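Novice: Let me give you the structure first, and then I'll get to my questions.
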Number of protein chains: 2
Amino acid sequence: MNGLKTSLKVGLRILELLSRAEGHPLTVREMAVRLEQSEKYLEQLLLPLRRARIVTSVRGPHGGYLLARPAAYITLLEIVQLLQGPVTFCECPSRDCKECLSPPIWQALESCVEASMVNVSLADVLAGHTPDIPGKIALGPNWVEGGLGI
Amino acid sequence: MNGLKTSLKVGLRILELLSRAEGHPLTVREMAVRLEQSEKYLEQLLLPLRRARIVTSVRGPHGGYLLARPAAYITLLEIVQLLQGPVTFCECPSRDCKECLSPPIWQALESCVEASMVNVSLADVLAGHTPDIPGKIALGPNWVEGGLGI
DNA sequence: GATAATTCCTATTAAGACGATATGGATTAG
DNA sequence: CTAATCCATATCGTCTTAATAGGAATTATC
């Protein structure tokens, strides 16, 4: 959560280009020029994007990459999970993990972020839609009101 | 966001010990034995905790560390920010960053997590309080309903 | 005051993650 | 056939972070 990885930033810009190309395949070379990145690096990012069926490829001359689906049907969550890794605070399975002390708290935070991101499409991101005030997790029945005071 | 850092996990366990000690100073040595960690490593974590005034120290013989405040007045957010780093997705100041495409989205996610964590105290964590269903960000007035379809 | 217990501080090492590059193979239009 | 293009893997270098090391400063006790 400490900043976006470069792979995600660049990946988003790739998807931006593909989205604006609208059905016309873009070559890695074109993207490399427009994004000022090396072709090889972009290829490395396009590989998982293709395997996850977020983009499609056409091989041979006049080939290139396309968005596999309309941008409105690609969620921010799948992009992030793919290029930045899963949104996890604590992976422990048990309910009382000795390391993180309270898995439910971390799981709630994960759900908070995931539920938010699955609700935002690539089209939303490109359109610059601004989200509203966020919700936040609330403690359950065990919670003692006023425990935090000020 | 890819898993909790070791420093945070161990830091939380330190705070757990101090919380249960209730005013009686604990030495680094004691904590090292009970947590099965090296004294030197714990010292390194206690340093920022003390500077942030989350713990207090007593020097000399019969010295040790104490919680600086009751656990109910220590928020999860400050612990996380201190030992894991700030909760940031994108640090760009401008509203249309070329790298992350849409700062408001990331800022909303940050706020979502921060607002949740500031609401959870160390006491809550130790008590194993389980948070409710999380809220999530919602797109603002520009949002087109049904944009995501399925 | 000497001594021992303890915190305090900085430097250094070790291992892993990640950005980036390099090299070559596979596919296909013309 | 050949050139354009995607496909795949291996490798290198840098930065972050966990962990160690060594010693300085403080203070209770005798």
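By convention here, the chains of the structure tokens are called A, B, ... in the order presented, each chain's residues are numbered starting at 1, and ligands are numbered starting at 1 in the order presented.
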Tell me which protein, DNA and RNA residues are within 9 Å of region 7-18 of chain D, counting only C-alpha atoms (C1' of nucleotides), leaving out same-chain ones fewer than 3 positions away, and put them as an mmCIF file with C-alpha atoms (C1' of nucleotides), in the first residue's frame.
Specialist:
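After the write, out33.cif holds the following:
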```
data_model
loop_
_atom_site.group_PDB
_atom_site.id
_atom_site.type_symbol
_atom_site.label_atom_id
_atom_site.label_comp_id
_atom_site.auth_asym_id
_atom_site.auth_seq_id
_atom_site.Cartn_x
_atom_site.Cartn_y
_atom_site.Cartn_z
ATOM 1 C CA GLU A 43 5.854 -6.672 -23.245
ATOM 2 C CA LEU A 47 2.002 -10.796 -20.827
ATOM 3 C CA LYS B 5 5.514 -5.968 7.371
ATOM 4 C CA THR B 6 7.361 -7.952 9.992
ATOM 5 C CA SER B 7 8.067 -4.749 11.872
ATOM 6 C CA TYR B 41 15.579 -6.110 16.759
ATOM 7 C "C1'" DA C 14 22.154 -10.150 4.239
ATOM 8 C "C1'" DA C 15 18.360 -11.365 1.649
ATOM 9 C "C1'" DG C 16 14.646 -10.503 -1.157
ATOM 10 C "C1'" DA C 17 11.590 -7.673 -4.292
ATOM 11 C "C1'" DC C 18 11.281 -5.198 -8.215
ATOM 12 C "C1'" DG C 19 12.482 -2.413 -12.240
ATOM 13 C "C1'" DA C 20 14.702 -2.969 -16.293
ATOM 14 C "C1'" DT C 21 17.396 -5.211 -19.980
ATOM 15 C "C1'" DA C 22 18.869 -9.006 -23.118
ATOM 16 C "C1'" DT C 23 18.258 -12.787 -26.045
ATOM 17 C "C1'" DG C 25 11.746 -18.364 -30.350
ATOM 18 C "C1'" DA C 26 6.907 -18.631 -32.416
#
```
Novice: Find the spatial neighbours of region 19-23 of chain D, counting only C-alpha atoms (C1' of nucleotides), within a cut-off of 8 Å - ignore same-chain residues fewer than 5 positions away - and output them as a PyMOL selection string.
Specialist: (chain B and resi 40-41) or (chain C and resi 12-13)
Novice: Could you please select, counting only C-alpha atoms (C1' of nucleotides), the residues of chain B within 10 Å of chain C and state them as a list in words?
Specialist: Thr27, Val28, Arg29, Glu43, Gln44, Leu47, Ser57, Val58, Arg59, Gly60, Pro61, His62, Gly63, Gly64 and Tyr65 of chain B
Novice: Next, write the just-selected residues to a file, as a short mmCIF file (atom, residue, chain, number, x, y, z; two decimals), in the first residue's frame, keeping C-alpha atoms as the atom set.
Specialist:
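File produced: part.cif:
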```cif
data_model
loop_
_atom_site.label_atom_id
_atom_site.label_comp_id
_atom_site.auth_asym_id
_atom_site.auth_seq_id
_atom_site.Cartn_x
_atom_site.Cartn_y
_atom_site.Cartn_z
CA THR B 27 12.57 -4.91 29.81
CA VAL B 28 13.63 -5.58 26.27
CA ARG B 29 15.09 -8.84 27.47
CA GLU B 43 15.05 -2.20 20.39
CA GLN B 44 14.93 -1.00 16.82
CA LEU B 47 12.85 3.43 19.19
CA SER B 57 10.83 4.18 28.76
CA VAL B 58 12.50 4.08 32.13
CA ARG B 59 16.28 3.88 32.05
CA GLY B 60 18.67 2.21 34.39
CA PRO B 61 18.16 -0.86 36.57
CA HIS B 62 14.53 -1.88 37.03
CA GLY B 63 13.81 0.14 33.92
CA GLY B 64 11.91 -0.93 30.87
CA TYR B 65 9.07 0.12 28.64
#
```
Novice: CA of Val80 (chain A) to CA of Pro103 (chain B): how many Å, to one decimal?
Specialist: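 Going from CA of Val80 (chain A) over to CA of Pro103 (chain B), I get 14.7 Å.
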Novice: Output chain B as a PDB file with C-alpha atoms, in the first residue's frame, after least-squares fitting it to chain A on all in-order C-alpha pairs.
Specialist:
```pdb
ATOM      1  CA  MET B   1      -0.067  -0.038  -0.007  1.00  0.00           C
ATOM      2  CA  ASN B   2       2.982   2.169   0.021  1.00  0.00           C
ATOM      3  CA  GLY B   3       2.503   3.788  -3.329  1.00  0.00           C
ATOM      4  CA  LEU B   4       1.529   2.185  -6.578  1.00  0.00           C
ATOM      5  CA  LYS B   5       4.037  -0.095  -8.186  1.00  0.00           C
ATOM      6  CA  THR B   6       5.551   1.069 -11.437  1.00  0.00           C
ATOM      7  CA  SER B   7       4.095  -1.963 -13.163  1.00  0.00           C
ATOM      8  CA  LEU B   8       0.591  -0.884 -12.210  1.00  0.00           C
ATOM      9  CA  LYS B   9       1.111   2.725 -13.210  1.00  0.00           C
ATOM     10  CA  VAL B  10       2.506   1.779 -16.595  1.00  0.00           C
ATOM     11  CA  GLY B  11      -0.084  -0.945 -16.996  1.00  0.00           C
ATOM     12  CA  LEU B  12      -2.853   1.584 -16.487  1.00  0.00           C
ATOM     13  CA  ARG B  13      -1.353   3.838 -19.122  1.00  0.00           C
ATOM     14  CA  ILE B  14      -1.169   0.915 -21.521  1.00  0.00           C
ATOM     15  CA  LEU B  15      -4.842   0.227 -20.938  1.00  0.00           C
ATOM     16  CA  GLU B  16      -5.570   3.911 -21.434  1.00  0.00           C
ATOM     17  CA  LEU B  17      -3.945   3.813 -24.869  1.00  0.00           C
ATOM     18  CA  LEU B  18      -5.744   0.640 -25.837  1.00  0.00           C
ATOM     19  CA  SER B  19      -9.032   2.065 -24.670  1.00  0.00           C
ATOM     20  CA  ARG B  20      -8.604   5.168 -26.802  1.00  0.00           C
ATOM     21  CA  ALA B  21      -7.568   3.081 -29.826  1.00  0.00           C
ATOM     22  CA  GLU B  22     -11.047   1.552 -29.879  1.00  0.00           C
ATOM     23  CA  GLY B  23     -10.642  -1.718 -31.680  1.00  0.00           C
ATOM     24  CA  HIS B  24      -7.611  -0.763 -33.706  1.00  0.00           C
ATOM     25  CA  PRO B  25      -4.667  -2.924 -32.626  1.00  0.00           C
ATOM     26  CA  LEU B  26      -1.712  -1.049 -31.167  1.00  0.00           C
ATOM     27  CA  THR B  27       1.807  -2.418 -31.513  1.00  0.00           C
ATOM     28  CA  VAL B  28       4.189  -2.557 -28.611  1.00  0.00           C
ATOM     29  CA  ARG B  29       6.427  -0.194 -30.510  1.00  0.00           C
ATOM     30  CA  GLU B  30       3.751   2.459 -30.765  1.00  0.00           C
ATOM     31  CA  MET B  31       2.967   2.193 -27.088  1.00  0.00           C
ATOM     32  CA  ALA B  32       6.642   2.301 -26.200  1.00  0.00           C
ATOM     33  CA  VAL B  33       7.069   5.555 -28.071  1.00  0.00           C
ATOM     34  CA  ARG B  34       3.969   7.185 -26.670  1.00  0.00           C
ATOM     35  CA  LEU B  35       4.637   6.095 -23.092  1.00  0.00           C
ATOM     36  CA  GLU B  36       8.389   6.652 -23.293  1.00  0.00           C
ATOM     37  CA  GLN B  37       9.102   3.161 -22.033  1.00  0.00           C
ATOM     38  CA  SER B  38      11.175   0.343 -23.475  1.00  0.00           C
ATOM     39  CA  GLU B  39       9.355  -2.154 -25.658  1.00  0.00           C
ATOM     40  CA  LYS B  40      10.677  -5.025 -23.608  1.00  0.00           C
ATOM     41  CA  TYR B  41       9.277  -3.675 -20.400  1.00  0.00           C
ATOM     42  CA  LEU B  42       5.843  -3.143 -21.904  1.00  0.00           C
ATOM     43  CA  GLU B  43       5.887  -6.665 -23.288  1.00  0.00           C
ATOM     44  CA  GLN B  44       6.473  -7.952 -19.798  1.00  0.00           C
ATOM     45  CA  LEU B  45       3.383  -6.152 -18.564  1.00  0.00           C
ATOM     46  CA  LEU B  46       1.272  -7.153 -21.538  1.00  0.00           C
ATOM     47  CA  LEU B  47       1.994 -10.822 -20.938  1.00  0.00           C
ATOM     48  CA  PRO B  48      -0.038 -11.148 -17.712  1.00  0.00           C
ATOM     49  CA  LEU B  49      -2.671  -8.759 -19.058  1.00  0.00           C
ATOM     50  CA  ARG B  50      -3.226 -11.063 -21.981  1.00  0.00           C
ATOM     51  CA  ARG B  51      -3.240 -14.214 -19.864  1.00  0.00           C
ATOM     52  CA  ALA B  52      -5.839 -12.629 -17.630  1.00  0.00           C
ATOM     53  CA  ARG B  53      -7.840 -11.882 -20.766  1.00  0.00           C
ATOM     54  CA  ILE B  54      -7.882  -8.182 -20.142  1.00  0.00           C
ATOM     55  CA  VAL B  55      -6.215  -7.587 -23.488  1.00  0.00           C
ATOM     56  CA  THR B  56      -6.101  -9.635 -26.690  1.00  0.00           C
ATOM     57  CA  SER B  57      -3.272  -9.872 -29.154  1.00  0.00           C
ATOM     58  CA  VAL B  58      -2.977 -10.254 -32.888  1.00  0.00           C
ATOM     59  CA  ARG B  59       0.273 -11.749 -34.109  1.00  0.00           C
ATOM     60  CA  GLY B  60       2.197 -11.122 -37.257  1.00  0.00           C
ATOM     61  CA  PRO B  61       2.384  -7.986 -39.387  1.00  0.00           C
ATOM     62  CA  HIS B  62      -0.347  -5.435 -38.676  1.00  0.00           C
ATOM     63  CA  GLY B  63      -0.768  -7.171 -35.346  1.00  0.00           C
ATOM     64  CA  GLY B  64      -0.844  -5.614 -31.939  1.00  0.00           C
ATOM     65  CA  TYR B  65      -2.911  -5.473 -28.801  1.00  0.00           C
ATOM     66  CA  LEU B  66      -6.561  -4.738 -28.157  1.00  0.00           C
ATOM     67  CA  LEU B  67      -8.717  -4.394 -25.100  1.00  0.00           C
ATOM     68  CA  ALA B  68     -10.453  -7.753 -24.673  1.00  0.00           C
ATOM     69  CA  ARG B  69     -13.617  -6.101 -23.330  1.00  0.00           C
ATOM     70  CA  PRO B  70     -15.065  -2.606 -23.216  1.00  0.00           C
ATOM     71  CA  ALA B  71     -13.359  -0.537 -20.528  1.00  0.00           C
ATOM     72  CA  ALA B  72     -16.629  -0.364 -18.608  1.00  0.00           C
ATOM     73  CA  TYR B  73     -16.403  -4.109 -18.036  1.00  0.00           C
ATOM     74  CA  ILE B  74     -12.869  -4.159 -16.693  1.00  0.00           C
ATOM     75  CA  THR B  75     -12.710  -3.561 -12.973  1.00  0.00           C
ATOM     76  CA  LEU B  76      -9.963  -1.693 -11.233  1.00  0.00           C
ATOM     77  CA  LEU B  77      -9.693  -4.604  -8.827  1.00  0.00           C
ATOM     78  CA  GLU B  78      -8.602  -7.122 -11.436  1.00  0.00           C
ATOM     79  CA  ILE B  79      -6.036  -4.736 -12.869  1.00  0.00           C
ATOM     80  CA  VAL B  80      -4.603  -4.008  -9.447  1.00  0.00           C
ATOM     81  CA  GLN B  81      -4.558  -7.637  -8.376  1.00  0.00           C
ATOM     82  CA  LEU B  82      -2.789  -8.589 -11.559  1.00  0.00           C
ATOM     83  CA  LEU B  83      -0.114  -5.910 -11.736  1.00  0.00           C
ATOM     84  CA  GLN B  84       0.306  -4.968  -8.101  1.00  0.00           C
ATOM     85  CA  GLY B  85      -0.505  -8.213  -6.349  1.00  0.00           C
ATOM     86  CA  PRO B  86      -3.437  -9.229  -4.165  1.00  0.00           C
ATOM     87  CA  VAL B  87      -4.901  -6.729  -1.743  1.00  0.00           C
ATOM     88  CA  THR B  88      -3.996  -8.438   1.488  1.00  0.00           C
ATOM     89  CA  PHE B  89      -3.013  -7.142   4.884  1.00  0.00           C
ATOM     90  CA  CYS B  90      -2.748 -10.481   6.618  1.00  0.00           C
ATOM     91  CA  GLU B  91      -2.984 -13.884   4.997  1.00  0.00           C
ATOM     92  CA  CYS B  92      -3.332 -15.940   8.157  1.00  0.00           C
ATOM     93  CA  PRO B  93      -6.227 -18.391   7.982  1.00  0.00           C
ATOM     94  CA  SER B  94      -6.893 -18.873  11.690  1.00  0.00           C
ATOM     95  CA  ARG B  95      -9.046 -16.502  13.667  1.00  0.00           C
ATOM     96  CA  ASP B  96      -6.474 -15.802  16.378  1.00  0.00           C
ATOM     97  CA  CYS B  97      -3.178 -15.405  14.601  1.00  0.00           C
ATOM     98  CA  LYS B  98      -0.295 -14.806  16.981  1.00  0.00           C
ATOM     99  CA  GLU B  99       1.379 -12.525  14.494  1.00  0.00           C
ATOM    100  CA  CYS B 100      -1.260 -10.075  13.409  1.00  0.00           C
ATOM    101  CA  LEU B 101      -3.269 -10.363  16.637  1.00  0.00           C
ATOM    102  CA  SER B 102      -6.659  -9.873  15.033  1.00  0.00           C
ATOM    103  CA  PRO B 103      -7.262 -11.250  11.539  1.00  0.00           C
ATOM    104  CA  PRO B 104     -10.869  -9.998  11.367  1.00  0.00           C
ATOM    105  CA  ILE B 105      -9.705  -6.406  11.474  1.00  0.00           C
ATOM    106  CA  TRP B 106      -7.338  -6.869   8.571  1.00  0.00           C
ATOM    107  CA  GLN B 107      -9.835  -8.901   6.615  1.00  0.00           C
ATOM    108  CA  ALA B 108     -12.389  -6.141   7.047  1.00  0.00           C
ATOM    109  CA  LEU B 109      -9.921  -3.605   5.702  1.00  0.00           C
ATOM    110  CA  GLU B 110      -9.197  -5.841   2.728  1.00  0.00           C
ATOM    111  CA  SER B 111     -12.884  -6.201   2.025  1.00  0.00           C
ATOM    112  CA  CYS B 112     -13.272  -2.469   2.290  1.00  0.00           C
ATOM    113  CA  VAL B 113     -10.678  -1.834  -0.373  1.00  0.00           C
ATOM    114  CA  GLU B 114     -11.712  -4.706  -2.608  1.00  0.00           C
ATOM    115  CA  ALA B 115     -15.382  -3.815  -2.493  1.00  0.00           C
ATOM    116  CA  SER B 116     -14.458  -0.303  -3.469  1.00  0.00           C
ATOM    117  CA  MET B 117     -12.209  -1.289  -6.326  1.00  0.00           C
ATOM    118  CA  VAL B 118     -14.533  -3.851  -7.812  1.00  0.00           C
ATOM    119  CA  ASN B 119     -17.051  -1.053  -8.122  1.00  0.00           C
ATOM    120  CA  VAL B 120     -14.779   1.119 -10.213  1.00  0.00           C
ATOM    121  CA  SER B 121     -14.296   0.293 -13.880  1.00  0.00           C
ATOM    122  CA  LEU B 122     -11.418   1.197 -16.128  1.00  0.00           C
ATOM    123  CA  ALA B 123     -13.849   3.489 -17.919  1.00  0.00           C
ATOM    124  CA  ASP B 124     -14.528   5.292 -14.645  1.00  0.00           C
ATOM    125  CA  VAL B 125     -10.835   5.762 -14.070  1.00  0.00           C
ATOM    126  CA  LEU B 126     -10.271   7.135 -17.549  1.00  0.00           C
ATOM    127  CA  ALA B 127     -13.270   9.431 -17.261  1.00  0.00           C
ATOM    128  CA  GLY B 128     -11.832  10.856 -14.064  1.00  0.00           C
ATOM    129  CA  HIS B 129     -14.901  10.079 -12.012  1.00  0.00           C
ATOM    130  CA  THR B 130     -14.398  11.251  -8.472  1.00  0.00           C
ATOM    131  CA  PRO B 131     -15.590   8.955  -5.743  1.00  0.00           C
ATOM    132  CA  ASP B 132     -17.704  10.138  -2.843  1.00  0.00           C
ATOM    133  CA  ILE B 133     -16.830  10.193   0.805  1.00  0.00           C
ATOM    134  CA  PRO B 134     -15.685   6.708   1.654  1.00  0.00           C
ATOM    135  CA  GLY B 135     -17.382   4.368   4.021  1.00  0.00           C
ATOM    136  CA  LYS B 136     -15.402   2.814   6.806  1.00  0.00           C
ATOM    137  CA  ILE B 137     -15.484  -0.340   8.812  1.00  0.00           C
ATOM    138  CA  ALA B 138     -17.413  -0.233  12.053  1.00  0.00           C
ATOM    139  CA  LEU B 139     -16.769  -2.450  15.034  1.00  0.00           C
ATOM    140  CA  GLY B 140     -19.265  -5.173  15.726  1.00  0.00           C
ATOM    141  CA  PRO B 141     -21.468  -5.963  18.723  1.00  0.00           C
ATOM    142  CA  ASN B 142     -18.477  -6.346  21.039  1.00  0.00           C
ATOM    143  CA  TRP B 143     -17.433  -2.810  20.521  1.00  0.00           C
ATOM    144  CA  VAL B 144     -17.583  -0.459  23.501  1.00  0.00           C
ATOM    145  CA  GLU B 145     -18.898   2.924  22.485  1.00  0.00           C
ATOM    146  CA  GLY B 146     -16.600   5.791  23.360  1.00  0.00           C
ATOM    147  CA  GLY B 147     -13.617   3.505  23.711  1.00  0.00           C
ATOM    148  CA  LEU B 148     -11.577   5.908  21.697  1.00  0.00           C
ATOM    149  CA  GLY B 149     -12.675   9.072  23.439  1.00  0.00           C
ATOM    150  CA  ILE B 150     -11.401  12.099  21.622  1.00  0.00           C
TER     151      ILE B 150
END
```
